[in-house]
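A.B. asks: This structure is in structure tokens; I'll ask about it shortly.
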Amino acid sequence: MQKPAVNAIEYILFNLCGNRQDMKTTPPKVATKLAEYHQEHLLQWWDELSDEQQTSLKTQIESVDFETIQRVWQESKQGSDTADTGVDRVEQAAAPGAVVLQPSSDAEETQWQHATKVGAKLLTDSKVAVITVAGGQGSRLGFAHPKGMFPIGPISNRSLFQVFAEQILARKRRHGGEIPWLIMTSSATHSETMEFFEQHNFWGLDRNTVAFFQQGSMPAVDASSGRVLMSAPDALCLSPDGHGGLVMALKTSGLLDRMASEGVEDFFYHQVDNPTVILCDTALIGLHALNNSQLTTSVVRKQYPTEPMGVLVDINDHVEIIEYSELNEAQAAGKDASGQWIFWAGNTAIHMFSLGFLEHLTSGGGQLELHVASKTVEHIDSAGNLIKPSEPNANKFERFIFDALPLASTALIVEGNRQREFNPVKNAEGNDSPATSRAALSRIAREWLANAGHTLAESAKVEISPLTALDADELANSLAAGRITVDALTKLPDAT
Ligand code: UTP
């Protein structure tokens, strides 16, 4: 075929558009950018799109950092055959040093009680905000809505979001002070999440104290060619950029500055899938503050060496996470000279961040490292046919919040109580599923009741709203004062 006598860019546009007339309608800057990264196919259907669709596609393309995507994708290809870096990290890892364990002596008990008072005072002084990351797609659970809407209450079916809203309300009542609630959503969860809050009138929270902000998106690329996949002629296959997108999103939303101007000093960070998290745990806040920590993480002991949890370790004087997939069976069971498991400290994804540390991270651009994951992604092919692969065909790119750990100059690890605090909903069935999480909520409630002298059968379903009690002592007091009855905690209130 004879080439037209035009310069290189015009030639690309000519081929994209089919004729010189249509070329006028293509966005030249976008076409140039795409040509540079071999992504010209993204404009394949340009001429057939309405004005609105063209604008939408152009915006999506402009939001993609093709240079980074290409670099990271290429690096992952080159690195995929060598596990060297992983092996080195594992060999260098030691059990974490800066750890506050669950109290086991009177002295430690006193230390925790002191921290609890310090944490409570910080709440009274409105120094702490809550961050809930709720932008994930929850693909393992297979729930058709944002995971925060999942009905988790064993009796009432109250949603995860309601559990957190009630915890925040109850904390504010107990300590006084304001607790701003920052909820990170993504394009996959934003509108529905906001509608859900509206529908429930924010469960009684002052809506001015709740802020929704959206994280960024990343495109999926074909695993063998690195070309960005399309879900429709006017749409790229985009997905949320991982919980590590939080840092950048806090900056671009202006919320970090707003929190600083409101006097917030620390953030209690948690994931949307764990209804037994103790939001604004005063002991954790206090230990974080007393140790001048930039980033504090609550960990729990792994139940068995190969349990699929990331673990916190020290590597070259920094706290880091080693993913379970980085450890082989023998390594996972490795012990140190004291006979202790090296890889015991399972990550609960409950963290405290100091405002100064987040500001420090964002001042460097706010971007944590990108990780590449192999995924199965539906897309359209060059003929516009929908392809539903049965095996991983694509690479997705995500940032992880725990990559902030080694960047902290002071990081602290605090051992939490696993049974009490860590019962997430990850899978549809089996471990970490709605069934195990609901059972945990009932179990904790039964333990609180037993502490107050009411022993129920192990099979009894019980549910305690955080507004009724945040802990065993509060429940015992309410029962003793007649403010609540055991009956009311074991069945739904009669419809009126
Ligand atoms: P997970 O890693 O469990 O991912 O997220 P997920 O999307 O909820 O579920 P799967 O892996 O698809 O089954 C842990 C926490 O991080 C949030 C999630 O909403 C959850 O609270 N998250 C995850 C985000 O906010 N954004 C993301 O891009 C990814």
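Following the order of the structure tokens, chains are lettered A, B, ..., residues in each are numbered from 1, and ligands are numbered from 1.
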Taking only C-alpha atoms and all ligand atoms into account, list the residues no farther than 6 Å from ligand 1, as a list in words.
C.D. replies: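 The neighbouring residues of ligand 1 are, in order, Val133, Ala134, Gly135, Gly136, Gln137, Gly138, Ser139, Arg140, Leu141, Pro240, Asp241, Gly242, His243, Gln271, Val272, Asp273 and Lys426 of chain A.
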A.B. asks: Would you mind exporting the chosen residues as a tab-separated table (two decimals), in the first residue's frame, restricted to N, CA and C atoms?
C.D. replies:
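Heads up, here's the output in selection_1.tsv:
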```tsv
chain	number	residue	atom	x	y	z
A	133	VAL	N	-11.22	2.53	54.12
A	133	VAL	CA	-10.99	2.33	52.68
A	133	VAL	C	-12.07	1.39	52.15
A	134	ALA	N	-12.86	1.91	51.24
A	134	ALA	CA	-14.05	1.19	50.77
A	134	ALA	C	-14.17	1.28	49.25
A	135	GLY	N	-13.02	1.21	48.60
A	135	GLY	CA	-13.05	1.35	47.13
A	135	GLY	C	-12.87	0.03	46.40
A	136	GLY	N	-12.64	-1.05	47.16
A	136	GLY	CA	-12.35	-2.34	46.53
A	136	GLY	C	-13.57	-2.93	45.83
A	137	GLN	N	-13.32	-3.86	44.94
A	137	GLN	CA	-14.41	-4.45	44.16
A	137	GLN	C	-14.99	-5.70	44.82
A	138	GLY	N	-14.33	-6.17	45.87
A	138	GLY	CA	-14.86	-7.31	46.64
A	138	GLY	C	-15.17	-8.52	45.76
A	139	SER	N	-14.28	-8.82	44.84
A	139	SER	CA	-14.61	-9.87	43.87
A	139	SER	C	-14.72	-11.25	44.53
A	140	ARG	N	-13.94	-11.51	45.59
A	140	ARG	CA	-14.02	-12.84	46.21
A	140	ARG	C	-15.38	-13.05	46.89
A	141	LEU	N	-15.92	-12.00	47.48
A	141	LEU	CA	-17.21	-12.12	48.17
A	141	LEU	C	-18.35	-12.29	47.17
A	240	PRO	N	-9.97	0.22	40.40
A	240	PRO	CA	-9.37	1.07	41.43
A	240	PRO	C	-7.87	0.78	41.59
A	241	ASP	N	-7.13	1.82	41.98
A	241	ASP	CA	-5.67	1.69	42.00
A	241	ASP	C	-5.10	1.12	43.30
A	242	GLY	N	-5.93	0.39	44.06
A	242	GLY	CA	-5.44	-0.26	45.27
A	242	GLY	C	-5.58	0.63	46.50
A	243	HIS	N	-5.57	0.00	47.70
A	243	HIS	CA	-5.74	0.84	48.90
A	243	HIS	C	-4.60	1.83	49.07
A	271	GLN	N	-10.06	-1.23	57.18
A	271	GLN	CA	-10.70	-1.70	55.95
A	271	GLN	C	-12.19	-1.91	56.19
A	272	VAL	N	-12.93	-1.88	55.11
A	272	VAL	CA	-14.38	-1.90	55.22
A	272	VAL	C	-14.92	-3.29	55.58
A	273	ASP	N	-14.05	-4.31	55.56
A	273	ASP	CA	-14.59	-5.67	55.64
A	273	ASP	C	-14.53	-6.32	57.02
A	426	LYS	N	-14.04	-11.77	53.64
A	426	LYS	CA	-13.28	-11.72	52.38
A	426	LYS	C	-13.92	-12.62	51.33
```
A.B. asks: Excluding same-chain residues fewer than 4 positions from Gly148 in chain A, what lies within 12 Å of it counting only C-alpha atoms, as a PyMOL selection string?
C.D. replies: chain A and resi 132-138+141+143-144+152+158-165+183-185+189-190+192-194+196-197+271-275+424-426
A.B. asks: May I have the selected residues written with N, CA and C atoms, as a CSV table (one decimal), in the first residue's frame?
C.D. replies:
```
chain,number,residue,atom,x,y,z
A,132,THR,N,-11.8,5.0,56.4
A,132,THR,CA,-12.3,3.7,56.0
A,132,THR,C,-12.0,3.6,54.5
A,133,VAL,N,-11.2,2.5,54.1
A,133,VAL,CA,-11.0,2.3,52.7
A,133,VAL,C,-12.1,1.4,52.2
A,134,ALA,N,-12.9,1.9,51.2
A,134,ALA,CA,-14.0,1.2,50.8
A,134,ALA,C,-14.2,1.3,49.3
A,135,GLY,N,-13.0,1.2,48.6
A,135,GLY,CA,-13.0,1.4,47.1
A,135,GLY,C,-12.9,0.0,46.4
A,136,GLY,N,-12.6,-1.0,47.2
A,136,GLY,CA,-12.4,-2.3,46.5
A,136,GLY,C,-13.6,-2.9,45.8
A,137,GLN,N,-13.3,-3.9,44.9
A,137,GLN,CA,-14.4,-4.4,44.2
A,137,GLN,C,-15.0,-5.7,44.8
A,138,GLY,N,-14.3,-6.2,45.9
A,138,GLY,CA,-14.9,-7.3,46.6
A,138,GLY,C,-15.2,-8.5,45.8
A,141,LEU,N,-15.9,-12.0,47.5
A,141,LEU,CA,-17.2,-12.1,48.2
A,141,LEU,C,-18.3,-12.3,47.2
A,143,PHE,N,-20.5,-10.0,46.1
A,143,PHE,CA,-21.7,-9.2,46.5
A,143,PHE,C,-21.9,-8.1,45.4
A,144,ALA,N,-23.1,-7.9,45.0
A,144,ALA,CA,-23.3,-7.0,43.8
A,144,ALA,C,-23.2,-5.5,44.1
A,152,ILE,N,-24.3,-7.6,57.7
A,152,ILE,CA,-23.4,-8.5,58.5
A,152,ILE,C,-24.1,-8.8,59.9
A,158,ARG,N,-27.8,-5.5,60.1
A,158,ARG,CA,-27.2,-4.2,59.9
A,158,ARG,C,-26.0,-4.3,59.0
A,159,SER,N,-25.7,-3.3,58.2
A,159,SER,CA,-24.6,-3.4,57.2
A,159,SER,C,-23.3,-3.1,57.9
A,160,LEU,N,-22.2,-3.4,57.2
A,160,LEU,CA,-20.9,-3.0,57.7
A,160,LEU,C,-20.8,-1.5,58.0
A,161,PHE,N,-21.3,-0.7,57.0
A,161,PHE,CA,-21.2,0.7,57.2
A,161,PHE,C,-22.0,1.2,58.4
A,162,GLN,N,-23.1,0.5,58.7
A,162,GLN,CA,-23.9,0.9,59.9
A,162,GLN,C,-23.1,0.6,61.2
A,163,VAL,N,-22.5,-0.6,61.2
A,163,VAL,CA,-21.7,-0.9,62.4
A,163,VAL,C,-20.6,0.1,62.6
A,164,PHE,N,-20.0,0.6,61.6
A,164,PHE,CA,-18.9,1.6,61.8
A,164,PHE,C,-19.5,3.0,62.2
A,165,ALA,N,-20.6,3.3,61.5
A,165,ALA,CA,-21.3,4.6,61.9
A,165,ALA,C,-21.7,4.6,63.3
A,183,ILE,N,-14.2,8.5,54.1
A,183,ILE,CA,-14.5,7.2,53.4
A,183,ILE,C,-13.9,7.3,52.0
A,184,MET,N,-12.9,6.4,51.8
A,184,MET,CA,-12.4,6.4,50.4
A,184,MET,C,-13.2,5.4,49.5
A,185,THR,N,-13.7,5.9,48.4
A,185,THR,CA,-14.5,5.1,47.5
A,185,THR,C,-13.7,5.1,46.2
A,189,THR,N,-17.5,2.1,43.5
A,189,THR,CA,-18.4,2.1,44.7
A,189,THR,C,-18.9,3.5,45.1
A,190,HIS,N,-18.5,4.5,44.4
A,190,HIS,CA,-18.8,5.9,44.9
A,190,HIS,C,-20.3,6.2,45.0
A,192,GLU,N,-23.1,4.5,44.7
A,192,GLU,CA,-23.9,3.6,45.5
A,192,GLU,C,-23.7,3.8,47.0
A,193,THR,N,-22.4,4.0,47.3
A,193,THR,CA,-22.1,4.3,48.8
A,193,THR,C,-22.7,5.5,49.3
A,194,MET,N,-22.6,6.6,48.5
A,194,MET,CA,-23.2,7.9,48.9
A,194,MET,C,-24.7,7.8,49.0
A,196,PHE,N,-26.4,5.1,49.7
A,196,PHE,CA,-26.7,4.3,50.8
A,196,PHE,C,-26.7,5.1,52.1
A,197,PHE,N,-25.7,6.0,52.2
A,197,PHE,CA,-25.6,6.8,53.4
A,197,PHE,C,-26.8,7.8,53.5
A,271,GLN,N,-10.1,-1.2,57.2
A,271,GLN,CA,-10.7,-1.7,56.0
A,271,GLN,C,-12.2,-1.9,56.2
A,272,VAL,N,-12.9,-1.9,55.1
A,272,VAL,CA,-14.4,-1.9,55.2
A,272,VAL,C,-14.9,-3.3,55.6
A,273,ASP,N,-14.1,-4.3,55.6
A,273,ASP,CA,-14.6,-5.7,55.6
A,273,ASP,C,-14.5,-6.3,57.0
A,274,ASN,N,-14.1,-5.6,58.1
A,274,ASN,CA,-13.9,-6.2,59.4
A,274,ASN,C,-14.9,-5.6,60.4
A,275,PRO,N,-16.0,-6.2,60.7
A,275,PRO,CA,-17.0,-5.5,61.6
A,275,PRO,C,-16.6,-5.6,63.0
A,424,PRO,N,-12.6,-10.6,59.4
A,424,PRO,CA,-13.0,-10.0,58.2
A,424,PRO,C,-13.9,-10.9,57.3
A,425,VAL,N,-14.6,-10.2,56.4
A,425,VAL,CA,-15.4,-10.8,55.4
A,425,VAL,C,-14.7,-10.7,54.1
A,426,LYS,N,-14.0,-11.8,53.6
A,426,LYS,CA,-13.3,-11.7,52.4
A,426,LYS,C,-13.9,-12.6,51.3
```
A.B. asks: Between A:Glu421, A:Asp317, A:Asp206, A:Glu415, which is the closest to Val300 in chain A once you count only C-alpha atoms?
C.D. replies: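 When distances to Val300 in chain A are compared using only C-alpha atoms, the smallest one comes from A:Glu415.
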A.B. asks: Give me the residues near Leu229 in chain A as a PDB file with all heavy atoms, in the first residue's frame, where near means some atom within 9 Å (using only C-alpha atoms) and where sequence neighbours in that chain fewer than 5 positions away do not count.
C.D. replies:
```
ATOM      1  N   LEU A  42      -6.744   2.147  21.055  1.00  0.00           N
ATOM      2  CA  LEU A  42      -7.775   2.718  21.933  1.00  0.00           C
ATOM      3  C   LEU A  42      -8.685   3.694  21.187  1.00  0.00           C
ATOM      4  O   LEU A  42      -9.780   4.026  21.643  1.00  0.00           O
ATOM      5  CB  LEU A  42      -7.131   3.417  23.139  1.00  0.00           C
ATOM      6  CG  LEU A  42      -6.296   2.502  24.048  1.00  0.00           C
ATOM      7  CD1 LEU A  42      -5.711   3.282  25.218  1.00  0.00           C
ATOM      8  CD2 LEU A  42      -7.137   1.339  24.580  1.00  0.00           C
ATOM      9  N   PRO A 219      -5.589   1.149  34.415  1.00  0.00           N
ATOM     10  CA  PRO A 219      -6.097   0.277  33.352  1.00  0.00           C
ATOM     11  C   PRO A 219      -5.553  -1.144  33.489  1.00  0.00           C
ATOM     12  O   PRO A 219      -4.486  -1.351  34.060  1.00  0.00           O
ATOM     13  CB  PRO A 219      -5.536   0.932  32.093  1.00  0.00           C
ATOM     14  CG  PRO A 219      -4.280   1.590  32.548  1.00  0.00           C
ATOM     15  CD  PRO A 219      -4.474   1.984  33.981  1.00  0.00           C
ATOM     16  N   ALA A 220      -6.299  -2.108  32.951  1.00  0.00           N
ATOM     17  CA  ALA A 220      -5.784  -3.475  32.839  1.00  0.00           C
ATOM     18  C   ALA A 220      -5.150  -3.604  31.459  1.00  0.00           C
ATOM     19  O   ALA A 220      -5.669  -3.052  30.480  1.00  0.00           O
ATOM     20  CB  ALA A 220      -6.923  -4.473  32.986  1.00  0.00           C
ATOM     21  N   VAL A 221      -4.021  -4.312  31.380  1.00  0.00           N
ATOM     22  CA  VAL A 221      -3.382  -4.502  30.074  1.00  0.00           C
ATOM     23  C   VAL A 221      -3.340  -5.987  29.729  1.00  0.00           C
ATOM     24  O   VAL A 221      -3.326  -6.851  30.616  1.00  0.00           O
ATOM     25  CB  VAL A 221      -1.938  -3.925  30.045  1.00  0.00           C
ATOM     26  CG1 VAL A 221      -1.921  -2.458  30.416  1.00  0.00           C
ATOM     27  CG2 VAL A 221      -0.987  -4.718  30.938  1.00  0.00           C
ATOM     28  N   ASP A 222      -3.342  -6.247  28.429  1.00  0.00           N
ATOM     29  CA  ASP A 222      -3.179  -7.617  27.966  1.00  0.00           C
ATOM     30  C   ASP A 222      -1.821  -8.123  28.467  1.00  0.00           C
ATOM     31  O   ASP A 222      -0.798  -7.456  28.281  1.00  0.00           O
ATOM     32  CB  ASP A 222      -3.242  -7.634  26.433  1.00  0.00           C
ATOM     33  CG  ASP A 222      -2.989  -9.018  25.891  1.00  0.00           C
ATOM     34  OD1 ASP A 222      -3.939  -9.811  25.870  1.00  0.00           O
ATOM     35  OD2 ASP A 222      -1.821  -9.305  25.522  1.00  0.00           O
ATOM     36  N   ALA A 235     -14.705   2.786  26.227  1.00  0.00           N
ATOM     37  CA  ALA A 235     -14.281   2.620  27.628  1.00  0.00           C
ATOM     38  C   ALA A 235     -13.091   1.684  27.767  1.00  0.00           C
ATOM     39  O   ALA A 235     -13.054   0.599  27.196  1.00  0.00           O
ATOM     40  CB  ALA A 235     -15.449   2.083  28.462  1.00  0.00           C
ATOM     41  N   LEU A 236     -12.117   2.127  28.567  1.00  0.00           N
ATOM     42  CA  LEU A 236     -10.983   1.269  28.909  1.00  0.00           C
ATOM     43  C   LEU A 236     -11.398   0.356  30.056  1.00  0.00           C
ATOM     44  O   LEU A 236     -12.325   0.671  30.806  1.00  0.00           O
ATOM     45  CB  LEU A 236      -9.791   2.112  29.384  1.00  0.00           C
ATOM     46  CG  LEU A 236      -9.399   3.361  28.602  1.00  0.00           C
ATOM     47  CD1 LEU A 236      -8.081   3.916  29.160  1.00  0.00           C
ATOM     48  CD2 LEU A 236      -9.252   3.043  27.126  1.00  0.00           C
ATOM     49  N   CYS A 237     -10.713  -0.775  30.195  1.00  0.00           N
ATOM     50  CA  CYS A 237     -10.933  -1.620  31.376  1.00  0.00           C
ATOM     51  C   CYS A 237     -10.180  -0.960  32.528  1.00  0.00           C
ATOM     52  O   CYS A 237      -8.954  -1.051  32.612  1.00  0.00           O
ATOM     53  CB  CYS A 237     -10.377  -3.025  31.155  1.00  0.00           C
ATOM     54  SG  CYS A 237     -11.302  -3.999  29.988  1.00  0.00           S
ATOM     55  N   LEU A 238     -10.907  -0.250  33.363  1.00  0.00           N
ATOM     56  CA  LEU A 238     -10.273   0.459  34.481  1.00  0.00           C
ATOM     57  C   LEU A 238     -10.698  -0.178  35.797  1.00  0.00           C
ATOM     58  O   LEU A 238     -11.819  -0.662  35.922  1.00  0.00           O
ATOM     59  CB  LEU A 238     -10.705   1.930  34.498  1.00  0.00           C
ATOM     60  CG  LEU A 238     -10.217   2.804  33.339  1.00  0.00           C
ATOM     61  CD1 LEU A 238     -10.854   4.190  33.416  1.00  0.00           C
ATOM     62  CD2 LEU A 238      -8.695   2.934  33.331  1.00  0.00           C
ATOM     63  N   VAL A 377      -9.675 -10.787  33.070  1.00  0.00           N
ATOM     64  CA  VAL A 377     -10.408  -9.544  32.799  1.00  0.00           C
ATOM     65  C   VAL A 377     -11.222  -9.672  31.505  1.00  0.00           C
ATOM     66  O   VAL A 377     -10.670  -9.936  30.423  1.00  0.00           O
ATOM     67  CB  VAL A 377      -9.423  -8.348  32.689  1.00  0.00           C
ATOM     68  CG1 VAL A 377     -10.162  -7.073  32.304  1.00  0.00           C
ATOM     69  CG2 VAL A 377      -8.685  -8.152  34.004  1.00  0.00           C
ATOM     70  N   GLU A 378     -12.520  -9.460  31.626  1.00  0.00           N
ATOM     71  CA  GLU A 378     -13.393  -9.433  30.437  1.00  0.00           C
ATOM     72  C   GLU A 378     -13.089  -8.187  29.619  1.00  0.00           C
ATOM     73  O   GLU A 378     -12.848  -7.121  30.183  1.00  0.00           O
ATOM     74  CB  GLU A 378     -14.863  -9.346  30.887  1.00  0.00           C
ATOM     75  CG  GLU A 378     -15.479 -10.667  31.164  1.00  0.00           C
ATOM     76  CD  GLU A 378     -16.984 -10.538  31.445  1.00  0.00           C
ATOM     77  OE1 GLU A 378     -17.635  -9.571  30.984  1.00  0.00           O
ATOM     78  OE2 GLU A 378     -17.474 -11.422  32.142  1.00  0.00           O
ATOM     79  N   HIS A 379     -13.150  -8.327  28.314  1.00  0.00           N
ATOM     80  CA  HIS A 379     -12.839  -7.160  27.466  1.00  0.00           C
ATOM     81  C   HIS A 379     -13.414  -7.401  26.075  1.00  0.00           C
ATOM     82  O   HIS A 379     -13.929  -8.486  25.788  1.00  0.00           O
ATOM     83  CB  HIS A 379     -11.319  -6.975  27.388  1.00  0.00           C
ATOM     84  CG  HIS A 379     -10.618  -8.154  26.782  1.00  0.00           C
ATOM     85  ND1 HIS A 379     -10.358  -9.308  27.504  1.00  0.00           N
ATOM     86  CD2 HIS A 379     -10.159  -8.389  25.532  1.00  0.00           C
ATOM     87  CE1 HIS A 379      -9.757 -10.193  26.735  1.00  0.00           C
ATOM     88  NE2 HIS A 379      -9.633  -9.669  25.524  1.00  0.00           N
ATOM     89  N   ILE A 380     -13.304  -6.405  25.212  1.00  0.00           N
ATOM     90  CA  ILE A 380     -13.706  -6.627  23.819  1.00  0.00           C
ATOM     91  C   ILE A 380     -12.451  -6.781  22.965  1.00  0.00           C
ATOM     92  O   ILE A 380     -11.411  -6.184  23.256  1.00  0.00           O
ATOM     93  CB  ILE A 380     -14.607  -5.487  23.274  1.00  0.00           C
ATOM     94  CG1 ILE A 380     -13.952  -4.118  23.439  1.00  0.00           C
ATOM     95  CG2 ILE A 380     -15.975  -5.519  23.937  1.00  0.00           C
ATOM     96  CD1 ILE A 380     -14.676  -3.008  22.696  1.00  0.00           C
ATOM     97  N   ASP A 381     -12.579  -7.597  21.939  1.00  0.00           N
ATOM     98  CA  ASP A 381     -11.424  -7.767  21.043  1.00  0.00           C
ATOM     99  C   ASP A 381     -11.488  -6.729  19.924  1.00  0.00           C
ATOM    100  O   ASP A 381     -12.376  -5.859  19.905  1.00  0.00           O
ATOM    101  CB  ASP A 381     -11.345  -9.210  20.517  1.00  0.00           C
ATOM    102  CG  ASP A 381     -12.531  -9.570  19.627  1.00  0.00           C
ATOM    103  OD1 ASP A 381     -13.304  -8.657  19.238  1.00  0.00           O
ATOM    104  OD2 ASP A 381     -12.681 -10.767  19.324  1.00  0.00           O
ATOM    105  N   ALA A 394      -4.684 -10.969  31.884  1.00  0.00           N
ATOM    106  CA  ALA A 394      -4.374  -9.535  31.954  1.00  0.00           C
ATOM    107  C   ALA A 394      -3.520  -9.217  33.171  1.00  0.00           C
ATOM    108  O   ALA A 394      -3.408 -10.013  34.105  1.00  0.00           O
ATOM    109  CB  ALA A 394      -5.685  -8.755  32.038  1.00  0.00           C
TER     110      ALA A 394
END
```
A.B. asks: Identify, on the basis of only C-alpha atoms, every residue whose closest approach to Lys117 in chain A does not exceed 8 Å; exclude the query and any residue fewer than 2 positions from it along the same chain; express the result as a ChimeraX atom specification.
C.D. replies: /A:113-115,119-121,282-283,286
A.B. asks: How would the residues just picked look written out with C-alpha atoms as a CSV table (one decimal), in the first residue's frame?
C.D. replies:
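Dumped everything to part37.csv:
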```
chain,number,residue,atom,x,y,z
A,113,GLN,CA,-4.2,1.6,80.9
A,114,HIS,CA,-2.1,4.7,80.7
A,115,ALA,CA,-2.1,4.5,76.9
A,119,GLY,CA,-5.9,7.9,73.6
A,120,ALA,CA,-9.3,8.8,75.2
A,121,LYS,CA,-8.0,12.4,75.8
A,282,THR,CA,-8.0,4.2,72.7
A,283,ALA,CA,-5.1,1.9,73.6
A,286,GLY,CA,-2.4,6.1,73.0
```
A.B. asks: Show which residues sit within 12 Å of Gly364 in chain A, as JSON, numbers by chain. Count only C-alpha atoms, and ignore same-chain residues fewer than 3 positions away.
C.D. replies: {"A": [247, 248, 251, 357, 358, 359, 360, 361, 367, 368, 407]}
A.B. asks: For Ile278 in chain A, which residue out of A:Ile350, A:Ala333, A:Val100, A:Ala211 is the nearest one, using only C-alpha atoms?
C.D. replies: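 Of A:Ile350, A:Ala333, A:Val100, A:Ala211, the one nearest Ile278 in chain A is A:Ile350, counting only C-alpha atoms.
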A.B. asks: Smallest atom-to-atom distance to Phe212 in chain A: which of A:Thr59, A:Tyr269, A:Gly244, A:Leu250, using only C-alpha atoms?
C.D. replies: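 Smallest distance to Phe212 in chain A is found for A:Leu250.
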A.B. asks: Based on DSSP run over this structure's backbone, return all residues of range 272-345 of chain A in strand (DSSP E), as an MDAnalysis selection string.
C.D. replies: chainID A and resid 295:301 311:315 318:322 345
A.B. asks: Of the residues A:Lys375, A:His454, A:Lys33, A:His270, which is the one nearest to Trp181 in chain A, using only C-alpha atoms?
C.D. replies: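 Of all the options, A:His270 lies closest to Trp181 in chain A.
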A.B. asks: Nearest to Ala232 in chain A among A:Leu475, A:Leu386, A:Ala35, A:Leu405, with distances taken over only C-alpha atoms: which residue is it?
C.D. replies: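 Closest residue, counting only C-alpha atoms: A:Leu386.
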A.B. asks: Do a neighbour search on Gln53 in chain A at 9 Å with only C-alpha atoms, toss out local chain neighbours closer than 3 positions, and write the hits as a PyMOL selection string.
C.D. replies: chain A and resi 46+49-50+56-58+233-235
A.B. asks: Can I get the selected residues back with N, CA, C and O atoms, as a short mmCIF file (atom, residue, chain, number, x, y, z; two decimals), in the first residue's frame?
C.D. replies:
```cif
data_model
loop_
_atom_site.label_atom_id
_atom_site.label_comp_id
_atom_site.auth_asym_id
_atom_site.auth_seq_id
_atom_site.Cartn_x
_atom_site.Cartn_y
_atom_site.Cartn_z
N TRP A 46 -13.20 5.47 17.32
CA TRP A 46 -13.41 6.90 17.57
C TRP A 46 -14.51 7.51 16.70
O TRP A 46 -15.41 8.19 17.18
N LEU A 49 -18.18 7.01 17.61
CA LEU A 49 -18.67 7.43 18.94
C LEU A 49 -19.40 8.75 18.87
O LEU A 49 -19.09 9.61 18.04
N SER A 50 -20.38 8.92 19.76
CA SER A 50 -21.07 10.22 19.88
C SER A 50 -20.09 11.22 20.50
O SER A 50 -19.07 10.82 21.07
N SER A 56 -15.78 11.23 26.90
CA SER A 56 -15.53 10.29 27.99
C SER A 56 -14.26 9.48 27.73
O SER A 56 -13.40 9.33 28.61
N LEU A 57 -14.12 8.98 26.50
CA LEU A 57 -12.94 8.17 26.18
C LEU A 57 -11.67 9.00 26.29
O LEU A 57 -10.65 8.55 26.85
N LYS A 58 -11.75 10.22 25.79
CA LYS A 58 -10.57 11.10 25.84
C LYS A 58 -10.16 11.33 27.30
O LYS A 58 -8.97 11.26 27.65
N PRO A 233 -16.36 0.17 23.15
CA PRO A 233 -15.66 1.04 22.20
C PRO A 233 -15.29 2.40 22.79
O PRO A 233 -14.35 3.04 22.34
N ASP A 234 -16.01 2.81 23.84
CA ASP A 234 -15.69 4.11 24.44
C ASP A 234 -15.15 3.97 25.86
O ASP A 234 -15.16 4.94 26.62
N ALA A 235 -14.70 2.79 26.23
CA ALA A 235 -14.28 2.62 27.63
C ALA A 235 -13.09 1.68 27.77
O ALA A 235 -13.05 0.60 27.20
#
```
A.B. asks: Need the shell around Leu279 in chain A: protein/DNA/RNA residues with any atom at most 8 Å away, counting only C-alpha atoms. Skip same-chain ones fewer than 6 positions apart. Format as a ChimeraX atom specification?
C.D. replies: /A:130,164,167-168,268
A.B. asks: In Å, with one decimal, what is the gap from CA of Val30 in chain A to CA of Ser225 in chain A?
C.D. replies: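 For CA of Val30 in chain A relative to CA of Ser225 in chain A, the distance reads 20.3 Å.
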A.B. asks: Just asking: which residues within range 378-483 of chain A are alpha helix (DSSP H) according to DSSP, as a PyMOL selection string?
C.D. replies: chain A and resi 418-421+434-451+472-480
A.B. asks: Write out the residues from the selection above, keeping C-alpha atoms, as an mmCIF file, in the first residue's frame.
C.D. replies:
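Result file result-v6.cif:
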```cif
data_model
loop_
_atom_site.group_PDB
_atom_site.id
_atom_site.type_symbol
_atom_site.label_atom_id
_atom_site.label_comp_id
_atom_site.auth_asym_id
_atom_site.auth_seq_id
_atom_site.Cartn_x
_atom_site.Cartn_y
_atom_site.Cartn_z
ATOM 1 C CA ARG A 418 -7.341 -11.707 67.207
ATOM 2 C CA GLN A 419 -10.631 -13.254 68.342
ATOM 3 C CA ARG A 420 -11.942 -9.874 69.394
ATOM 4 C CA GLU A 421 -10.663 -7.582 66.654
ATOM 5 C CA PRO A 434 -19.984 -13.830 56.244
ATOM 6 C CA ALA A 435 -20.657 -17.004 58.246
ATOM 7 C CA THR A 436 -17.413 -16.802 60.258
ATOM 8 C CA SER A 437 -17.722 -13.054 60.744
ATOM 9 C CA ARG A 438 -21.350 -13.216 61.947
ATOM 10 C CA ALA A 439 -20.416 -16.108 64.246
ATOM 11 C CA ALA A 440 -17.632 -13.944 65.697
ATOM 12 C CA LEU A 441 -20.030 -11.056 66.347
ATOM 13 C CA SER A 442 -22.358 -13.437 68.201
ATOM 14 C CA ARG A 443 -19.483 -15.034 70.103
ATOM 15 C CA ILE A 444 -18.127 -11.674 71.277
ATOM 16 C CA ALA A 445 -21.623 -10.634 72.363
ATOM 17 C CA ARG A 446 -22.068 -13.905 74.298
ATOM 18 C CA GLU A 447 -18.702 -13.332 76.017
ATOM 19 C CA TRP A 448 -19.800 -9.859 77.098
ATOM 20 C CA LEU A 449 -23.066 -11.279 78.391
ATOM 21 C CA ALA A 450 -21.256 -14.069 80.257
ATOM 22 C CA ASN A 451 -19.026 -11.418 81.835
ATOM 23 C CA ALA A 472 -18.115 -5.741 78.035
ATOM 24 C CA ASP A 473 -18.050 -3.280 80.931
ATOM 25 C CA GLU A 474 -20.473 -0.914 79.273
ATOM 26 C CA LEU A 475 -22.859 -3.787 78.576
ATOM 27 C CA ALA A 476 -22.656 -5.025 82.164
ATOM 28 C CA ASN A 477 -23.479 -1.526 83.424
ATOM 29 C CA SER A 478 -26.423 -1.161 81.056
ATOM 30 C CA LEU A 479 -27.825 -4.541 82.041
ATOM 31 C CA ALA A 480 -27.386 -3.810 85.727
#
```
